[in-house]
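A.B. asks: I'd like to ask some things about the structure below.
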Amino acid sequence: MTRQDDSDPIDRTGLRPEFWRRYPLDELPRREWEALCDGCAKCCLVKLEDEDSGEVHYTNISCRLLDTGACRCGNYPLRRQLVAGCVVLTRDNMEEVLQWMPHTCAYRLVFDGHDLEPWHPLISGDRNSVARAGKSLPAKTVPEYEVDEDDWEDHVIEDFG
């Protein structure tokens, strides 16, 4: 973890100003790491991988743990134990995992050296800016327990905002 001093102030949220621009992902303390998530829930979509090409296709099917009202995981601490296919992004696996994350994912943007989107709560100062920009997905999804696994291919989407 990076040492903090007077030149590296922490605001009332416990976050250093513009930390995503100033520090690499692997140096972020947990609070800043978690703050990067914009709450779009795109990572909570069921994804299908083409066995031949390795290409990943998103569906409009949401993980059974997604709380669509809050646009957050309904059991974030235990998600990996409750959902066998849940991939938890960590400092150790980010290079691999970020390859199939959405292009608007803050972790992917920062990892690739880009700035956050204007609608990201760390830029806008408003947690609801993601939904207002049409970048969160719950209203556009169907829970995985409502779709037979044999029909998942019928739910592949090209663009999800």
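Quick note on naming: the chains in the structure tokens go A, B, ... in the order shown, residues restart at 1 in each chain, and ligands are numbered from 1 in order of appearance.
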Using only C-alpha atoms, which residues sit within 12 Å of Val46 of chain A once same-chain residues fewer than 6 positions away are excluded, as a list of chain:residue names?
C.D. replies: A:Val56, A:His57, A:Tyr58, A:Thr59, A:Asn60, A:Ile61, A:Ser62, A:Cys63, A:Arg64, A:Leu65, A:Leu66, A:Val83, A:Gly85, A:Cys86, A:Val87, A:Trp100, A:Met101, A:Thr141, A:Val142, A:Pro143, A:Glu144, A:Tyr145, A:Val147, A:Glu149, A:Trp152, A:Glu153, A:His155, A:Val156, A:Ile157
A.B. asks: Find the residues around Leu36 of chain A up to 12 Å (only C-alpha atoms counted), leave out those fewer than 2 positions away in its own chain, and share them as a PyMOL selection string.
C.D. replies: chain A and resi 15+18-21+25+28-34+38-40+89+104-111+115-117+120-123+127
A.B. asks: Between atom CA of Lys135 of chain A and atom CA of Asp151 of chain A, what is the distance in Å, rounded to a tenth?
C.D. replies: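 Atom CA of Asp151 of chain A lies 25.3 Å from atom CA of Lys135 of chain A.
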A.B. asks: Write out as a ChimeraX atom specification all residues of chain A that backbone DSSP assigns to strand (DSSP E or B).
C.D. replies: /A:45-49,56-62,66-67,72-73,142-143,156
A.B. asks: For the selection just defined, write its residues with C-alpha atoms to a file, as a PDB file, in the first residue's frame.
C.D. replies:
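Ended up saving to result-v4.pdb:
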```
ATOM      1  CA  LEU A  45     -24.384 -10.999 -16.692  1.00  0.00           C
ATOM      2  CA  VAL A  46     -24.105 -14.610 -17.762  1.00  0.00           C
ATOM      3  CA  LYS A  47     -21.405 -14.846 -20.404  1.00  0.00           C
ATOM      4  CA  LEU A  48     -20.931 -17.610 -22.941  1.00  0.00           C
ATOM      5  CA  GLU A  49     -17.547 -18.475 -24.391  1.00  0.00           C
ATOM      6  CA  VAL A  56     -16.960 -14.151 -25.020  1.00  0.00           C
ATOM      7  CA  HIS A  57     -20.606 -13.285 -25.671  1.00  0.00           C
ATOM      8  CA  TYR A  58     -22.748 -11.430 -23.176  1.00  0.00           C
ATOM      9  CA  THR A  59     -26.349 -12.398 -22.529  1.00  0.00           C
ATOM     10  CA  ASN A  60     -29.170 -10.386 -21.015  1.00  0.00           C
ATOM     11  CA  ILE A  61     -29.364 -12.996 -18.238  1.00  0.00           C
ATOM     12  CA  SER A  62     -28.363 -11.738 -14.820  1.00  0.00           C
ATOM     13  CA  LEU A  66     -27.984  -9.688  -8.595  1.00  0.00           C
ATOM     14  CA  ASP A  67     -30.217  -7.334  -6.647  1.00  0.00           C
ATOM     15  CA  ARG A  72     -25.395  -4.769  -6.718  1.00  0.00           C
ATOM     16  CA  CYS A  73     -24.670  -8.334  -5.718  1.00  0.00           C
ATOM     17  CA  VAL A 142     -33.898 -11.560 -16.935  1.00  0.00           C
ATOM     18  CA  PRO A 143     -32.787 -13.545 -13.851  1.00  0.00           C
ATOM     19  CA  VAL A 156     -26.951 -13.320 -26.456  1.00  0.00           C
TER      20      VAL A 156
END
```
A.B. asks: I'd like the interatomic distance between atom CA of Glu96 of chain A and atom CA of His114 of chain A, to a tenth of an Å.
C.D. replies: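 Distance reported for this atom pair: 17.9 Å.
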A.B. asks: Between A:Trp119, A:Thr68, A:Arg16, A:Cys44, which one has atoms that come closest to Gly134 of chain A, using only C-alpha atoms?
C.D. replies: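 Using only C-alpha atoms, Gly134 of chain A sits closest to A:Trp119.
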A.B. asks: To one decimal place in Å, what is the distance between atom CA of Lys42 of chain A and atom CA of Glu146 of chain A?
C.D. replies: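 Between atom CA of Lys42 of chain A and atom CA of Glu146 of chain A the gap is 18.2 Å.
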A.B. asks: Let's see if you can do this: from backbone DSSP, list all helix (DSSP H, G or I) residues in chain A, as an MDAnalysis selection string.
C.D. replies: chainID A and resid 19:22 25:27 30:35 42:44 76:82 94:100 106:111 121:124 129:132 138:140 144:146 149:155
A.B. asks: Using C-alpha atoms, can you write the selected residues to a file as a PDB file, in the first residue's frame?
C.D. replies:
```pdb
ATOM      1  CA  PHE A  19      -6.651   8.062  -7.008  1.00  0.00           C
ATOM      2  CA  TRP A  20      -7.553   6.207 -10.227  1.00  0.00           C
ATOM      3  CA  ARG A  21      -5.421   8.661 -12.211  1.00  0.00           C
ATOM      4  CA  ARG A  22      -2.503   8.696  -9.796  1.00  0.00           C
ATOM      5  CA  LEU A  25      -4.628  -0.727  -9.583  1.00  0.00           C
ATOM      6  CA  ASP A  26      -2.283  -3.024  -7.689  1.00  0.00           C
ATOM      7  CA  GLU A  27      -1.415  -0.202  -5.268  1.00  0.00           C
ATOM      8  CA  ARG A  30      -9.367  -1.934  -0.555  1.00  0.00           C
ATOM      9  CA  ARG A  31     -11.646   1.117  -0.107  1.00  0.00           C
ATOM     10  CA  GLU A  32     -10.395   2.693  -3.352  1.00  0.00           C
ATOM     11  CA  TRP A  33     -10.416  -0.658  -5.175  1.00  0.00           C
ATOM     12  CA  GLU A  34     -14.090  -1.131  -4.303  1.00  0.00           C
ATOM     13  CA  ALA A  35     -14.934   2.511  -5.100  1.00  0.00           C
ATOM     14  CA  LYS A  42     -22.488  -5.794 -16.526  1.00  0.00           C
ATOM     15  CA  CYS A  43     -20.052  -8.163 -14.841  1.00  0.00           C
ATOM     16  CA  CYS A  44     -23.097  -9.901 -13.306  1.00  0.00           C
ATOM     17  CA  TYR A  76     -21.215  -9.827  -2.208  1.00  0.00           C
ATOM     18  CA  PRO A  77     -19.088 -11.394   0.574  1.00  0.00           C
ATOM     19  CA  LEU A  78     -20.183 -14.959  -0.265  1.00  0.00           C
ATOM     20  CA  ARG A  79     -20.723 -14.610  -4.023  1.00  0.00           C
ATOM     21  CA  ARG A  80     -17.892 -16.966  -4.951  1.00  0.00           C
ATOM     22  CA  GLN A  81     -19.152 -19.714  -2.653  1.00  0.00           C
ATOM     23  CA  LEU A  82     -22.775 -19.328  -3.769  1.00  0.00           C
ATOM     24  CA  MET A  94      -6.915  -8.749 -13.402  1.00  0.00           C
ATOM     25  CA  GLU A  95      -4.908  -9.060 -16.610  1.00  0.00           C
ATOM     26  CA  GLU A  96      -6.810 -12.223 -17.542  1.00  0.00           C
ATOM     27  CA  VAL A  97     -10.253 -11.261 -16.211  1.00  0.00           C
ATOM     28  CA  LEU A  98     -10.309  -7.724 -17.573  1.00  0.00           C
ATOM     29  CA  GLN A  99     -10.059  -9.065 -21.118  1.00  0.00           C
ATOM     30  CA  TRP A 100     -13.709 -10.150 -21.003  1.00  0.00           C
ATOM     31  CA  ALA A 106     -13.645   1.241 -14.635  1.00  0.00           C
ATOM     32  CA  TYR A 107     -11.106  -1.412 -13.701  1.00  0.00           C
ATOM     33  CA  ARG A 108     -10.466  -2.149 -17.361  1.00  0.00           C
ATOM     34  CA  LEU A 109     -10.269   1.535 -18.274  1.00  0.00           C
ATOM     35  CA  VAL A 110      -7.748   2.294 -15.512  1.00  0.00           C
ATOM     36  CA  PHE A 111      -5.751  -0.857 -16.258  1.00  0.00           C
ATOM     37  CA  PRO A 121     -19.828   8.207  -9.713  1.00  0.00           C
ATOM     38  CA  LEU A 122     -16.225   9.155  -8.895  1.00  0.00           C
ATOM     39  CA  ILE A 123     -16.380  11.737 -11.701  1.00  0.00           C
ATOM     40  CA  SER A 124     -20.022  12.827 -11.423  1.00  0.00           C
ATOM     41  CA  SER A 129     -25.430   8.948 -12.713  1.00  0.00           C
ATOM     42  CA  VAL A 130     -24.763   5.439 -14.056  1.00  0.00           C
ATOM     43  CA  ALA A 131     -28.474   4.661 -14.326  1.00  0.00           C
ATOM     44  CA  ARG A 132     -29.306   8.113 -15.709  1.00  0.00           C
ATOM     45  CA  PRO A 138     -31.041  -4.552 -14.272  1.00  0.00           C
ATOM     46  CA  ALA A 139     -34.147  -3.280 -16.079  1.00  0.00           C
ATOM     47  CA  LYS A 140     -32.894  -4.893 -19.287  1.00  0.00           C
ATOM     48  CA  GLU A 144     -30.899 -16.741 -14.662  1.00  0.00           C
ATOM     49  CA  TYR A 145     -33.354 -18.899 -12.705  1.00  0.00           C
ATOM     50  CA  GLU A 146     -36.065 -17.915 -15.220  1.00  0.00           C
ATOM     51  CA  GLU A 149     -29.649 -23.246 -19.530  1.00  0.00           C
ATOM     52  CA  ASP A 150     -30.341 -24.837 -22.931  1.00  0.00           C
ATOM     53  CA  ASP A 151     -31.873 -21.507 -24.008  1.00  0.00           C
ATOM     54  CA  TRP A 152     -29.025 -19.224 -22.914  1.00  0.00           C
ATOM     55  CA  GLU A 153     -27.729 -18.848 -26.470  1.00  0.00           C
ATOM     56  CA  ASP A 154     -31.085 -17.273 -27.388  1.00  0.00           C
ATOM     57  CA  HIS A 155     -30.271 -14.448 -24.956  1.00  0.00           C
TER      58      HIS A 155
END
```
